>>> print(open('run.tsv').read())   # TSV, C-alpha atoms
chain	number	residue	atom	x	y	z
I	1	MET	CA	4.35	-8.45	-14.21
I	2	LYS	CA	6.82	-6.11	-15.87
I	3	PRO	CA	7.26	-2.53	-14.55
I	4	ALA	CA	5.48	-1.10	-17.60
I	5	GLU	CA	2.50	-3.40	-16.91
I	6	ILE	CA	2.54	-2.54	-13.22
I	7	ARG	CA	2.59	1.15	-14.09
I	8	GLU	CA	-0.76	0.75	-15.88
I	9	LEU	CA	-2.36	-0.19	-12.55
I	10	PHE	CA	-1.58	3.25	-11.07
I	11	PRO	CA	-4.12	5.79	-12.39
I	12	ILE	CA	-2.20	8.85	-11.16
I	13	LEU	CA	0.82	7.99	-13.32
I	14	LYS	CA	-1.17	8.37	-16.54
I	15	GLN	CA	-1.33	12.16	-16.32
I	16	GLU	CA	0.84	14.89	-17.78
I	17	VAL	CA	2.59	17.50	-15.63
I	18	ASN	CA	3.61	20.77	-17.25
I	19	GLY	CA	3.02	19.26	-20.66
I	20	HIS	CA	5.15	16.15	-20.06
I	21	PRO	CA	4.21	12.59	-19.09
I	22	LEU	CA	4.64	12.32	-15.32
I	23	VAL	CA	7.80	10.64	-14.02
I	24	TYR	CA	7.26	10.09	-10.31
I	25	LEU	CA	10.54	9.67	-8.44
I	26	ASP	CA	9.46	10.50	-4.90
I	27	SER	CA	8.29	7.15	-3.57
I	28	ALA	CA	10.52	7.39	-0.49
I	29	ALA	CA	8.25	10.25	0.61
I	30	THR	CA	5.06	8.44	-0.35
I	31	SER	CA	4.25	5.78	-2.91
I	32	GLN	CA	1.44	5.94	-5.42
I	33	LYS	CA	-1.62	3.72	-5.05
I	34	PRO	CA	-2.71	0.95	-7.43
I	35	ILE	CA	-6.31	0.65	-8.57
I	36	GLN	CA	-6.76	-2.38	-6.28
I	37	VAL	CA	-6.18	-0.22	-3.19
I	38	ILE	CA	-8.36	2.61	-4.47
I	39	GLU	CA	-11.17	0.14	-5.19
I	40	ALA	CA	-10.81	-1.46	-1.76
I	41	LEU	CA	-11.27	1.93	-0.08
I	42	LYS	CA	-14.22	2.74	-2.33
I	43	HIS	CA	-15.86	-0.62	-1.62
I	44	TYR	CA	-15.44	-0.21	2.13
I	45	TYR	CA	-17.07	3.21	2.19
I	46	GLU	CA	-19.84	2.20	-0.21
I	47	TRP	CA	-20.72	-1.15	1.40
I	48	ASP	CA	-19.11	-1.86	4.77
I	49	ASN	CA	-18.70	1.50	6.52
I	50	ALA	CA	-19.42	1.00	10.22
I	51	ASN	CA	-17.56	1.14	13.49
I	52	VAL	CA	-15.69	-1.99	14.51
I	53	HIS	CA	-15.87	-4.23	17.58
I	54	ARG	CA	-19.11	-2.60	18.71
I	55	GLY	CA	-22.19	-3.41	16.70
I	56	VAL	CA	-23.78	-6.77	16.08
I	57	HIS	CA	-25.42	-5.57	12.87
I	58	THR	CA	-24.23	-6.82	9.49
I	59	LEU	CA	-22.21	-3.76	8.47
I	60	GLY	CA	-20.45	-3.69	11.84
I	61	SER	CA	-19.56	-7.36	11.52
I	62	ARG	CA	-18.24	-6.92	7.99
I	63	ALA	CA	-16.18	-3.87	8.97
I	64	THR	CA	-14.71	-5.74	11.94
I	65	ASP	CA	-13.85	-8.73	9.78
I	66	ALA	CA	-12.15	-6.47	7.21
I	67	TYR	CA	-10.22	-4.57	9.89
I	68	GLU	CA	-9.01	-7.64	11.75
I	69	GLY	CA	-8.37	-9.41	8.45
I	70	ALA	CA	-5.97	-6.60	7.56
I	71	ARG	CA	-4.16	-7.12	10.87
I	72	ALA	CA	-3.70	-10.79	10.01
I	73	LYS	CA	-2.24	-9.80	6.63
I	74	VAL	CA	0.26	-7.42	8.27
I	75	ALA	CA	1.31	-10.09	10.76
I	76	LYS	CA	1.93	-12.64	8.02
I	77	PHE	CA	3.62	-10.09	5.75
I	78	ILE	CA	6.35	-9.26	8.27
I	79	GLY	CA	6.57	-12.68	9.90
I	80	ALA	CA	5.06	-11.91	13.32
I	81	SER	CA	4.26	-14.95	15.43
I	82	SER	CA	0.82	-13.65	16.41
I	83	GLU	CA	-1.74	-11.09	15.29
I	84	GLN	CA	-1.67	-9.83	18.88
I	85	GLU	CA	1.81	-8.47	18.15
I	86	ILE	CA	0.46	-6.04	15.53
I	87	ILE	CA	-0.76	-2.64	16.73
I	88	PHE	CA	-2.34	-0.41	14.11
I	89	THR	CA	-0.91	3.12	14.21
I	90	ARG	CA	-0.88	6.24	12.02
I	91	GLY	CA	2.52	5.16	10.73
I	92	THR	CA	6.13	4.55	11.73
I	93	THR	CA	6.31	7.85	13.62
I	94	THR	CA	3.49	6.83	15.93
I	95	ALA	CA	4.96	3.34	16.32
I	96	ILE	CA	8.30	4.74	17.51
I	97	ASN	CA	6.57	7.22	19.81
I	98	ILE	CA	4.60	4.42	21.48
I	99	VAL	CA	7.80	2.55	22.26
I	100	ALA	CA	9.62	5.69	23.40
I	101	SER	CA	6.70	6.87	25.54
I	102	SER	CA	5.63	3.55	27.02
I	103	TYR	CA	8.38	0.96	27.05
I	104	ALA	CA	11.39	3.28	27.21
I	105	LYS	CA	10.16	5.47	30.03
I	106	SER	CA	9.28	2.41	32.10
I	107	VAL	CA	12.76	0.84	31.86
I	108	LEU	CA	15.16	3.77	31.56
I	109	ARG	CA	16.95	5.17	34.58
I	110	GLU	CA	19.48	7.97	34.95
I	111	GLY	CA	22.71	7.08	33.18
I	112	ASP	CA	21.18	4.35	31.02
I	113	GLU	CA	22.01	4.50	27.33
I	114	ILE	CA	19.94	4.85	24.17
I	115	VAL	CA	21.98	4.03	21.06
I	116	LEU	CA	21.15	5.56	17.67
I	117	THR	CA	22.98	6.51	14.45
I	118	PRO	CA	23.43	9.96	12.86
I	119	MET	CA	21.46	8.80	9.81
I	120	GLU	CA	18.15	8.54	11.66
I	121	HIS	CA	15.00	10.25	10.41
I	122	HIS	CA	13.76	12.85	12.88
I	123	SER	CA	10.94	10.44	13.75
I	124	ASN	CA	13.53	8.03	15.12
I	125	LEU	CA	15.52	10.72	16.89
I	126	ILE	CA	13.25	13.25	18.59
I	127	PRO	CA	11.18	10.67	20.55
I	128	TRP	CA	14.41	9.32	22.02
I	129	GLN	CA	15.64	12.81	22.86
I	130	GLN	CA	12.43	13.31	24.79
I	131	ALA	CA	12.71	9.93	26.51
I	132	ALA	CA	16.27	10.76	27.55
I	133	LYS	CA	15.21	14.13	28.96
I	134	ALA	CA	12.36	12.53	30.90
I	135	THR	CA	14.46	9.75	32.45
I	136	GLY	CA	18.03	11.03	32.67
I	137	ALA	CA	19.22	8.51	30.09
I	138	VAL	CA	21.96	9.49	27.65
I	139	LEU	CA	22.06	9.28	23.86
I	140	LYS	CA	24.98	7.58	22.13
I	141	TYR	CA	25.67	7.33	18.42
I	142	ILE	CA	27.25	4.66	16.25
I	143	PRO	CA	29.72	6.51	13.99
I	144	LEU	CA	29.35	6.48	10.22
I	145	GLN	CA	32.00	5.53	7.70
I	146	PRO	CA	32.83	8.02	4.90
I	147	ASP	CA	30.24	6.40	2.63
I	148	GLY	CA	27.56	6.50	5.33
I	149	THR	CA	27.65	2.82	6.27
I	150	ILE	CA	28.34	1.49	9.76
I	151	LEU	CA	30.79	-1.14	10.95
I	152	LEU	CA	29.75	-3.89	13.34
I	153	SER	CA	32.99	-3.33	15.22
I	154	ASP	CA	31.78	0.20	15.98
I	155	VAL	CA	28.41	-1.19	17.08
I	156	GLU	CA	30.29	-3.50	19.47
I	157	ASN	CA	32.23	-0.54	20.85
I	158	VAL	CA	29.21	1.74	21.37
I	159	ILE	CA	26.71	-0.71	22.89
I	160	THR	CA	27.52	-1.54	26.51
I	161	ASP	CA	25.86	-3.16	29.51
I	162	ARG	CA	24.37	0.28	30.29
I	163	THR	CA	22.56	0.27	26.95
I	164	LYS	CA	18.85	-0.38	27.35
I	165	ILE	CA	17.55	0.54	23.90
I	166	VAL	CA	18.98	0.52	20.39
I	167	SER	CA	16.86	2.18	17.72
I	168	ILE	CA	18.02	2.10	14.13
I	169	VAL	CA	16.69	2.60	10.64
I	170	TYR	CA	16.72	-0.50	8.43
I	171	VAL	CA	17.10	1.53	5.21
I	172	SER	CA	18.24	5.16	5.26
I	173	ASN	CA	15.87	7.55	3.49
I	174	VAL	CA	18.87	9.69	2.48
I	175	LEU	CA	21.87	7.44	1.95
I	176	GLY	CA	20.11	4.30	0.74
I	177	VAL	CA	22.18	2.35	3.27
I	178	ILE	CA	20.78	-1.06	4.22
I	179	ASN	CA	21.83	-1.56	7.81
I	180	PRO	CA	22.72	-5.02	9.22
I	181	VAL	CA	19.91	-4.94	11.76
I	182	LYS	CA	19.95	-8.68	12.42
I	183	GLU	CA	23.59	-8.56	13.53
I	184	ILE	CA	22.97	-5.35	15.48
I	185	ALA	CA	20.07	-7.05	17.27
I	186	GLN	CA	22.39	-9.88	18.28
I	187	ILE	CA	24.88	-7.42	19.74
I	188	ALA	CA	22.14	-5.50	21.56
I	189	HIS	CA	20.67	-8.65	23.07
I	190	LYS	CA	24.10	-9.81	24.20
I	191	HIS	CA	24.15	-6.74	26.44
I	192	GLY	CA	20.53	-7.11	27.55
I	193	ALA	CA	19.25	-4.25	25.41
I	194	LYS	CA	16.12	-4.16	23.26
I	195	ILE	CA	16.10	-3.02	19.62
I	196	MET	CA	13.56	-0.91	17.74
I	197	VAL	CA	13.78	-1.00	13.93
I	198	ASP	CA	12.47	1.85	11.78
I	199	GLY	CA	11.06	-0.09	8.84
I	200	ALA	CA	9.45	2.79	6.94
I	201	GLN	CA	11.79	2.46	3.94
I	202	SER	CA	12.52	-1.27	4.15
I	203	THR	CA	9.04	-2.80	4.36
I	204	PRO	CA	7.91	-1.60	0.89
I	205	HIS	CA	11.00	-2.88	-0.89
I	206	MET	CA	12.20	-6.16	0.61
I	207	LYS	CA	11.08	-9.26	2.45
I	208	VAL	CA	10.90	-8.63	6.18
I	209	ASP	CA	10.84	-11.36	8.81
I	210	VAL	CA	10.81	-9.85	12.28
I	211	GLN	CA	11.40	-13.23	13.89
I	212	ASP	CA	14.48	-13.84	11.77
I	213	LEU	CA	15.74	-10.32	12.52
I	214	ASP	CA	14.90	-10.97	16.19
I	215	CYS	CA	14.01	-7.31	16.63
I	216	ASP	CA	11.96	-6.42	19.67
I	217	PHE	CA	9.96	-3.68	17.96
I	218	TYR	CA	9.41	-2.78	14.30
I	219	GLY	CA	7.48	0.10	12.75
I	220	LEU	CA	6.06	0.48	9.25
I	221	SER	CA	4.04	3.02	7.24
I	222	GLY	CA	1.29	1.99	4.85
I	223	HIS	CA	1.57	5.01	2.56
I	224	LYS	CA	5.11	4.07	1.51
I	225	MET	CA	4.02	0.57	0.46
I	226	CYS	CA	1.13	1.38	-1.91
I	227	GLY	CA	-1.36	1.78	0.94
I	228	PRO	CA	-3.31	4.81	2.18
I	229	THR	CA	-1.88	7.62	4.27
I	230	GLY	CA	-2.55	7.68	8.00
I	231	ILE	CA	-2.15	3.94	8.60
I	232	GLY	CA	0.81	1.89	9.76
I	233	ALA	CA	1.72	-0.65	12.36
I	234	LEU	CA	3.90	-1.35	15.35
I	235	TYR	CA	5.17	-4.88	15.81
I	236	GLY	CA	6.32	-5.79	19.28
I	237	LYS	CA	7.22	-9.07	20.91
I	238	LYS	CA	4.15	-10.18	22.80
I	239	GLU	CA	5.80	-10.40	26.21
I	240	LEU	CA	7.02	-6.82	25.88
I	241	LEU	CA	3.71	-5.39	24.68
I	242	GLU	CA	1.83	-7.18	27.46
I	243	ASN	CA	3.90	-5.38	30.09
I	244	MET	CA	3.64	-1.95	28.45
I	245	GLU	CA	1.09	0.70	29.43
I	246	PRO	CA	-1.10	2.30	26.75
I	247	VAL	CA	-0.28	5.86	25.71
I	248	GLU	CA	-3.78	6.80	24.53
I	249	PHE	CA	-6.85	6.29	26.66
I	250	GLY	CA	-10.53	6.20	25.77
I	251	GLY	CA	-13.13	3.97	24.25
I	252	GLU	CA	-12.44	0.49	22.95
I	253	MET	CA	-9.08	0.04	24.72
I	254	ILE	CA	-10.74	-0.64	28.06
I	255	ASP	CA	-11.98	-3.77	29.77
I	256	HIS	CA	-13.67	-2.39	32.91
I	257	VAL	CA	-14.24	1.26	33.85
I	258	ASP	CA	-15.13	2.49	37.31
I	259	LEU	CA	-15.34	6.08	38.54
I	260	TYR	CA	-11.78	5.98	39.87
I	261	GLU	CA	-10.04	3.04	38.22
I	262	SER	CA	-10.03	1.28	34.85
I	263	THR	CA	-8.48	-1.84	33.36
I	264	TRP	CA	-7.34	-2.45	29.80
I	265	LYS	CA	-8.29	-4.90	27.10
I	266	GLU	CA	-5.85	-7.57	26.02
I	267	LEU	CA	-3.49	-7.15	23.08
I	268	PRO	CA	-3.61	-5.63	20.59
I	269	TRP	CA	-6.64	-3.51	21.43
I	270	LYS	CA	-5.29	-1.88	24.59
I	271	PHE	CA	-3.10	0.28	22.33
I	272	GLU	CA	-5.92	1.24	19.94
I	273	GLY	CA	-8.09	3.68	21.84
I	274	GLY	CA	-10.98	5.33	20.05
I	275	THR	CA	-12.36	4.62	16.60
I	276	PRO	CA	-9.41	3.17	14.65
I	277	ILE	CA	-8.32	3.94	11.10
I	278	ILE	CA	-10.64	1.31	9.66
I	279	ALA	CA	-10.59	2.25	5.99
I	280	GLY	CA	-6.83	2.76	6.16
I	281	ALA	CA	-6.36	-0.75	7.51
I	282	VAL	CA	-8.57	-2.15	4.74
I	283	GLY	CA	-6.49	-0.26	2.17
I	284	LEU	CA	-3.26	-1.48	3.75
I	285	GLY	CA	-4.51	-5.04	3.53
I	286	ALA	CA	-5.25	-4.55	-0.17
I	287	ALA	CA	-1.78	-3.06	-0.67
I	288	ILE	CA	-0.18	-6.11	0.95
I	289	ASP	CA	-2.19	-8.38	-1.34
I	290	PHE	CA	-0.91	-6.39	-4.31
I	291	LEU	CA	2.74	-6.43	-3.20
I	292	GLN	CA	2.60	-10.17	-2.59
I	293	GLU	CA	1.09	-10.70	-6.02
I	294	VAL	CA	4.03	-8.85	-7.58
I	295	GLY	CA	6.46	-10.61	-5.22
I	296	MET	CA	8.76	-8.94	-2.71
I	297	ASP	CA	11.82	-10.67	-4.18
I	298	ASN	CA	10.88	-9.30	-7.59
I	299	ILE	CA	10.41	-5.81	-6.17
I	300	PHE	CA	13.80	-5.90	-4.42
I	301	LYS	CA	15.53	-7.18	-7.57
I	302	HIS	CA	13.90	-4.47	-9.67
I	303	ASP	CA	14.92	-1.79	-7.14
I	304	MET	CA	18.53	-2.94	-7.22
I	305	GLU	CA	18.68	-3.04	-11.02
I	306	LEU	CA	17.07	0.37	-11.37
I	307	THR	CA	19.31	1.92	-8.71
I	308	ASN	CA	22.44	0.52	-10.37
I	309	TYR	CA	21.27	1.91	-13.70
I	310	ALA	CA	20.57	5.30	-12.14
I	311	MET	CA	23.94	5.39	-10.38
I	312	GLU	CA	25.70	4.55	-13.65
I	313	ARG	CA	23.80	7.16	-15.67
I	314	MET	CA	24.00	9.92	-13.06
I	315	ALA	CA	27.71	9.36	-12.43
I	316	GLN	CA	28.27	10.54	-16.00
I	317	ILE	CA	26.86	13.99	-15.20
I	318	GLU	CA	29.76	16.31	-14.50
I	319	ASP	CA	29.64	18.21	-11.18
I	320	LEU	CA	26.94	15.93	-9.75
I	321	THR	CA	27.71	14.57	-6.26
I	322	ILE	CA	26.02	11.37	-5.09
I	323	TYR	CA	25.82	10.62	-1.36
I	324	GLY	CA	25.95	7.18	0.25
I	325	PRO	CA	27.55	3.89	-0.75
I	326	LEU	CA	28.21	3.15	-4.41
I	327	LYS	CA	26.91	-0.42	-4.17
I	328	ASN	CA	24.39	-2.47	-2.18
I	329	ARG	CA	22.07	0.45	-1.64
I	330	ALA	CA	18.29	0.73	-1.65
I	331	GLY	CA	16.17	2.28	-4.38
I	332	LEU	CA	17.07	5.94	-4.10
I	333	VAL	CA	19.82	8.33	-5.12
I	334	THR	CA	20.50	11.48	-3.10
I	335	PHE	CA	22.62	14.10	-4.83
I	336	ASN	CA	23.58	17.72	-5.40
I	337	LEU	CA	24.30	19.40	-8.72
I	338	GLY	CA	27.20	21.83	-8.35
I	339	ASP	CA	26.16	24.87	-6.34
I	340	VAL	CA	22.58	24.81	-7.58
I	341	HIS	CA	20.18	24.75	-4.64
I	342	PRO	CA	18.27	21.45	-4.49
I	343	HIS	CA	14.95	23.30	-4.52
I	344	ASP	CA	15.96	24.96	-7.79
I	345	VAL	CA	16.95	21.57	-9.20
I	346	ALA	CA	13.57	20.14	-8.20
I	347	THR	CA	11.75	23.11	-9.71
I	348	VAL	CA	13.41	22.74	-13.09
I	349	LEU	CA	12.81	18.98	-13.05
I	350	ASP	CA	9.16	19.56	-12.22
I	351	ALA	CA	8.89	21.78	-15.29
I	352	GLU	CA	10.02	18.70	-17.23
I	353	GLY	CA	7.40	16.51	-15.56
I	354	VAL	CA	9.92	14.80	-13.24
I	355	ALA	CA	8.96	14.73	-9.56
I	356	ILE	CA	11.79	14.45	-7.03
I	357	ARG	CA	12.27	15.53	-3.40
I	358	ALA	CA	14.49	18.39	-2.21
I	359	GLY	CA	15.38	19.50	1.30
I	360	HIS	CA	16.87	17.98	4.44
I	361	HIS	CA	14.58	14.92	4.25
I	362	CYS	CA	13.84	15.10	7.99
I	363	ALA	CA	17.49	14.27	8.68
I	364	GLN	CA	19.17	17.53	9.67
I	365	PRO	CA	21.97	15.91	11.74
I	366	LEU	CA	22.85	13.77	8.72
I	367	MET	CA	22.89	16.85	6.48
I	368	ARG	CA	25.41	18.44	8.84
I	369	TRP	CA	27.47	15.23	8.74
I	370	LEU	CA	27.42	15.46	4.95
I	371	GLU	CA	28.39	19.14	5.27
I	372	VAL	CA	25.44	20.33	3.20
I	373	SER	CA	22.26	22.19	4.10
I	374	SER	CA	20.04	20.09	1.84
I	375	THR	CA	20.07	17.63	-1.04
I	376	ALA	CA	17.94	16.44	-3.94
I	377	ARG	CA	16.63	12.87	-3.94
I	378	ALA	CA	15.23	10.61	-6.63
I	379	SER	CA	13.59	7.48	-5.22
I	380	PHE	CA	12.26	4.51	-7.16
I	381	TYR	CA	9.61	1.85	-6.80
I	382	LEU	CA	8.05	-1.05	-8.63
I	383	TYR	CA	6.29	1.18	-11.19
I	384	ASN	CA	9.46	2.99	-12.35
I	385	THR	CA	11.42	2.06	-15.47
I	386	GLU	CA	14.79	2.76	-17.04
I	387	GLU	CA	13.00	5.26	-19.26
I	388	ASP	CA	12.13	7.21	-16.10
I	389	ILE	CA	15.82	7.34	-15.22
I	390	ASP	CA	16.64	8.52	-18.73
I	391	ARG	CA	14.08	11.32	-18.35
I	392	LEU	CA	15.66	12.25	-15.01
I	393	VAL	CA	19.13	12.44	-16.56
I	394	MET	CA	17.86	14.53	-19.49
I	395	ALA	CA	16.16	16.92	-17.07
I	396	LEU	CA	19.34	17.21	-15.00
I	397	GLN	CA	21.29	18.05	-18.15
I	398	LYS	CA	18.77	20.82	-18.87
I	399	THR	CA	19.20	22.03	-15.29
I	400	LYS	CA	22.95	22.25	-15.88
I	401	GLU	CA	22.38	24.33	-18.99
I	402	TYR	CA	19.94	26.61	-17.22
I	403	PHE	CA	22.20	27.18	-14.19
I	404	GLY	CA	25.51	27.01	-16.04
I	405	HIS	CA	26.98	29.81	-13.95
I	406	ALA	CA	26.53	27.78	-10.73
I	407	ILE	CA	28.12	24.60	-12.05
I	408	GLY	CA	31.79	23.85	-11.68
>>> encode(input="run.tsv", output="structure tokens")
Amino acid sequence: MKPAEIRELFPILKQEVNGHPLVYLDSAATSQKPIQVIEALKHYYEWDNANVHRGVHTLGSRATDAYEGARAKVAKFIGASSEQEIIFTRGTTTAINIVASSYAKSVLREGDEIVLTPMEHHSNLIPWQQAAKATGAVLKYIPLQPDGTILLSDVENVITDRTKIVSIVYVSNVLGVINPVKEIAQIAHKHGAKIMVDGAQSTPHMKVDVQDLDCDFYGLSGHKMCGPTGIGALYGKKELLENMEPVEFGGEMIDHVDLYESTWKELPWKFEGGTPIIAGAVGLGAAIDFLQEVGMDNIFKHDMELTNYAMERMAQIEDLTIYGPLKNRAGLVTFNLGDVHPHDVATVLDAEGVAIRAGHHCAQPLMRWLEVSSTARASFYLYNTEEDIDRLVMALQKTKEYFGHAIG
């Protein structure tokens, strides 16, 4: 399918905003949902709505089959070796917090090292700050090059035999950097460390094979990959998850309960206390079906072509600064326009029907590294076209005219 054909499958994109056809360029924050996902949610609530793993009645059986079927789809989609290695979560944030609260606190001792980068989303920074405070471990950072990339030689220098955990974003939500996580995993394992990969921005846009990456943990968010909000997954190597304690306790994650002691179910259910996000999982499964129908290689190729086109067009705008590498970057462009505040840029663009993101993008340390307080960001996905980029550029030119005194 061509992007224009794909676009027709997204009902929300057919509207006008402020008298202009909507151009949605904020998919790094959340993607839009195709009709297939919307229909899957509608069908679940109209026909299959029941709690899972509990009832023997027909609806309960159908709901359980749909929920566990979605788990199987996630496992296959990211190349896990077993469905037991897939824990449903609210998203990447929850996935990282499980690892930081359960695995990390069980292995970290005073003086041990947690290695991160300055480009991390707050969701892959704050949990590790808390783990360090709780255990006496120390945080270390792989330095960034001027274009925001990292060198493997620096990774070699930062990771030591005291390093227990490396946690790194696969694709930066600000810089568009695609980090060499497979090579970083090799370096981490050489020193006996485990690696957590923040896959929030990578999973929607490229083929992911966790076994090929040899990462120990991997988190993803459904809402960034055409699925519903409030659903995601944590992948963990089975032997690691088996030895981890749950972080939420209650119904459905237990095996035997006594008045003073309890035991837990086997994987993956020991990490899924309470009624799970059933409809969200069903929607995520439908989203995976849709993405596979389009083809992840096709999506990645389209992202690269659209990003290159955007970089070329936007580079022609005088006084516009683009952050991150010039080549080999993911489908987003983060920028500032002269001295115009990013929120003002986003407001003018919204008046033209163009939706972008403005702010610190949950990456305040990276903003300080860039020596700015905030930036604007246009992010692309499979439903965007070159015409969308042209509309963005036209709107930016209007912004320049409107704020002429702040440019240059």
>>> closest_atom_pairs(input="run.tsv", of="segment 135-192 of chain I", to="segment 98-117 of chain I", cutoff="10 Å", atoms="all atoms listed in the file", output="tab-separated table")
residue	atom	partner	partner_atom	distance
I:Thr135	CA	I:Arg109	CA	5.6
I:Gly136	CA	I:Glu110	CA	4.1
I:Ala137	CA	I:Asp112	CA	4.7
I:Val138	CA	I:Glu113	CA	5.0
I:Leu139	CA	I:Ile114	CA	4.9
I:Lys140	CA	I:Val115	CA	4.8
I:Tyr141	CA	I:Thr117	CA	4.9
I:Ile142	CA	I:Thr117	CA	5.0
I:Pro143	CA	I:Thr117	CA	6.8
I:Leu144	CA	I:Thr117	CA	7.6
I:Ile150	CA	I:Thr117	CA	8.7
I:Val155	CA	I:Val115	CA	9.2
I:Val158	CA	I:Val115	CA	7.6
I:Ile159	CA	I:Val115	CA	6.9
I:Thr160	CA	I:Glu113	CA	8.2
I:Asp161	CA	I:Glu113	CA	8.8
I:Arg162	CA	I:Asp112	CA	5.2
I:Thr163	CA	I:Glu113	CA	4.3
I:Lys164	CA	I:Glu113	CA	5.8
I:Ile165	CA	I:Ile114	CA	4.9
I:Val166	CA	I:Val115	CA	4.7
I:Ser167	CA	I:Leu116	CA	5.5
I:Ile168	CA	I:Leu116	CA	5.9
I:Val169	CA	I:Thr117	CA	8.3
I:Ala188	CA	I:Val115	CA	9.5
>>> closest_atom_pairs(input="run.tsv", of="segment 327-393 of chain I", to="segment 1-25 of chain I", cutoff="7 Å", atoms="only C-alpha atoms", output="Markdown table")
| residue | atom | partner | partner_atom | distance |
| --- | --- | --- | --- | --- |
| I:Ala351 | CA | I:Asn18 | CA | 5.7 |
| I:Glu352 | CA | I:His20 | CA | 6.2 |
| I:Gly353 | CA | I:Val17 | CA | 4.9 |
| I:Val354 | CA | I:Val23 | CA | 4.7 |
| I:Ala355 | CA | I:Tyr24 | CA | 5.0 |
| I:Ile356 | CA | I:Leu25 | CA | 5.1 |
| I:Ala378 | CA | I:Leu25 | CA | 5.1 |
| I:Ser379 | CA | I:Leu25 | CA | 4.9 |
| I:Phe380 | CA | I:Leu25 | CA | 5.6 |
| I:Leu382 | CA | I:Pro3 | CA | 6.2 |
| I:Tyr383 | CA | I:Arg7 | CA | 4.7 |
| I:Asn384 | CA | I:Pro3 | CA | 6.3 |
| I:Thr385 | CA | I:Pro3 | CA | 6.3 |
| I:Asp388 | CA | I:Val23 | CA | 5.9 |
>>> residues_around(input="run.tsv", residues="Tyr44 of chain I", least_positions_apart="2", cutoff="10 Å", atoms="all atoms listed in the file", output="list in words")
Glu39, Ala40, Leu41, Lys42, Glu46, Trp47, Asp48, Asn49, Ala50, Leu59, Arg62, Ala63, Ala66, Ile278, Ala279, Gly280, Val282 and Gly283 of chain I
>>> write_last_selection(input="run.tsv", atoms="C-alpha atoms", output="mmCIF file, in the coordinates of the input")
data_model
loop_
_atom_site.group_PDB
_atom_site.id
_atom_site.type_symbol
_atom_site.label_atom_id
_atom_site.label_comp_id
_atom_site.auth_asym_id
_atom_site.auth_seq_id
_atom_site.Cartn_x
_atom_site.Cartn_y
_atom_site.Cartn_z
ATOM 1 C CA GLU I 39 -11.170 0.140 -5.190
ATOM 2 C CA ALA I 40 -10.810 -1.460 -1.760
ATOM 3 C CA LEU I 41 -11.270 1.930 -0.080
ATOM 4 C CA LYS I 42 -14.220 2.740 -2.330
ATOM 5 C CA GLU I 46 -19.840 2.200 -0.210
ATOM 6 C CA TRP I 47 -20.720 -1.150 1.400
ATOM 7 C CA ASP I 48 -19.110 -1.860 4.770
ATOM 8 C CA ASN I 49 -18.700 1.500 6.520
ATOM 9 C CA ALA I 50 -19.420 1.000 10.220
ATOM 10 C CA LEU I 59 -22.210 -3.760 8.470
ATOM 11 C CA ARG I 62 -18.240 -6.920 7.990
ATOM 12 C CA ALA I 63 -16.180 -3.870 8.970
ATOM 13 C CA ALA I 66 -12.150 -6.470 7.210
ATOM 14 C CA ILE I 278 -10.640 1.310 9.660
ATOM 15 C CA ALA I 279 -10.590 2.250 5.990
ATOM 16 C CA GLY I 280 -6.830 2.760 6.160
ATOM 17 C CA VAL I 282 -8.570 -2.150 4.740
ATOM 18 C CA GLY I 283 -6.490 -0.260 2.170
#
>>> closest_residue(input="run.tsv", among="I:Thr334, I:Thr399, I:Ser373, I:Gln316", to="Leu175 of chain I", atoms="only C-alpha atoms")
I:Thr334
>>> closest_residue(input="run.tsv", among="I:Ser202, I:Gln186, I:Gln130, I:Asn243", to="Asp214 of chain I", atoms="all atoms listed in the file")
I:Gln186
>>> axis_aligned_box(input="run.tsv", around="segment 306-320 of chain I", padding_each_side="3 Å", output="AutoDock Vina command-line options")
--center_x 23.4 --center_y 9.3 --center_z -12.4 --size_x 18.7 --size_y 23.8 --size_z 13.3
>>> atom_distance(input="run.tsv", atom1="atom CA of Met119 of chain I", atom2="atom CA of Asp147 of chain I")
11.6 Å
>>> closest_residue(input="run.tsv", among="I:Trp369, I:Tyr309, I:Tyr402, I:Trp128", to="Gly324 of chain I", atoms="only C-alpha atoms")
I:Trp369
>>> residues_around(input="run.tsv", residues="Gly219 of chain I", least_positions_apart="5", cutoff="8 Å", atoms="only C-alpha atoms", output="compact mmCIF listing (two decimals) with C-alpha atoms, in the frame of the given file")
# COMPACT_ATOMS: atom_id res chain seq x y z
CA GLY I 91 2.52 5.16 10.73
CA THR I 92 6.13 4.55 11.73
CA THR I 93 6.31 7.85 13.62
CA ALA I 95 4.96 3.34 16.32
CA ILE I 96 8.30 4.74 17.51
CA MET I 196 13.56 -0.91 17.74
CA VAL I 197 13.78 -1.00 13.93
CA ASP I 198 12.47 1.85 11.78
CA GLY I 199 11.06 -0.09 8.84
CA ALA I 200 9.45 2.79 6.94
CA GLY I 232 0.81 1.89 9.76
CA ALA I 233 1.72 -0.65 12.36
CA LEU I 234 3.90 -1.35 15.35
CA TYR I 235 5.17 -4.88 15.81
>>> closest_residue(input="run.tsv", among="I:Ala70, I:Ala185, I:Val257, I:Ala132", to="Glu156 of chain I", atoms="only C-alpha atoms")
I:Ala185
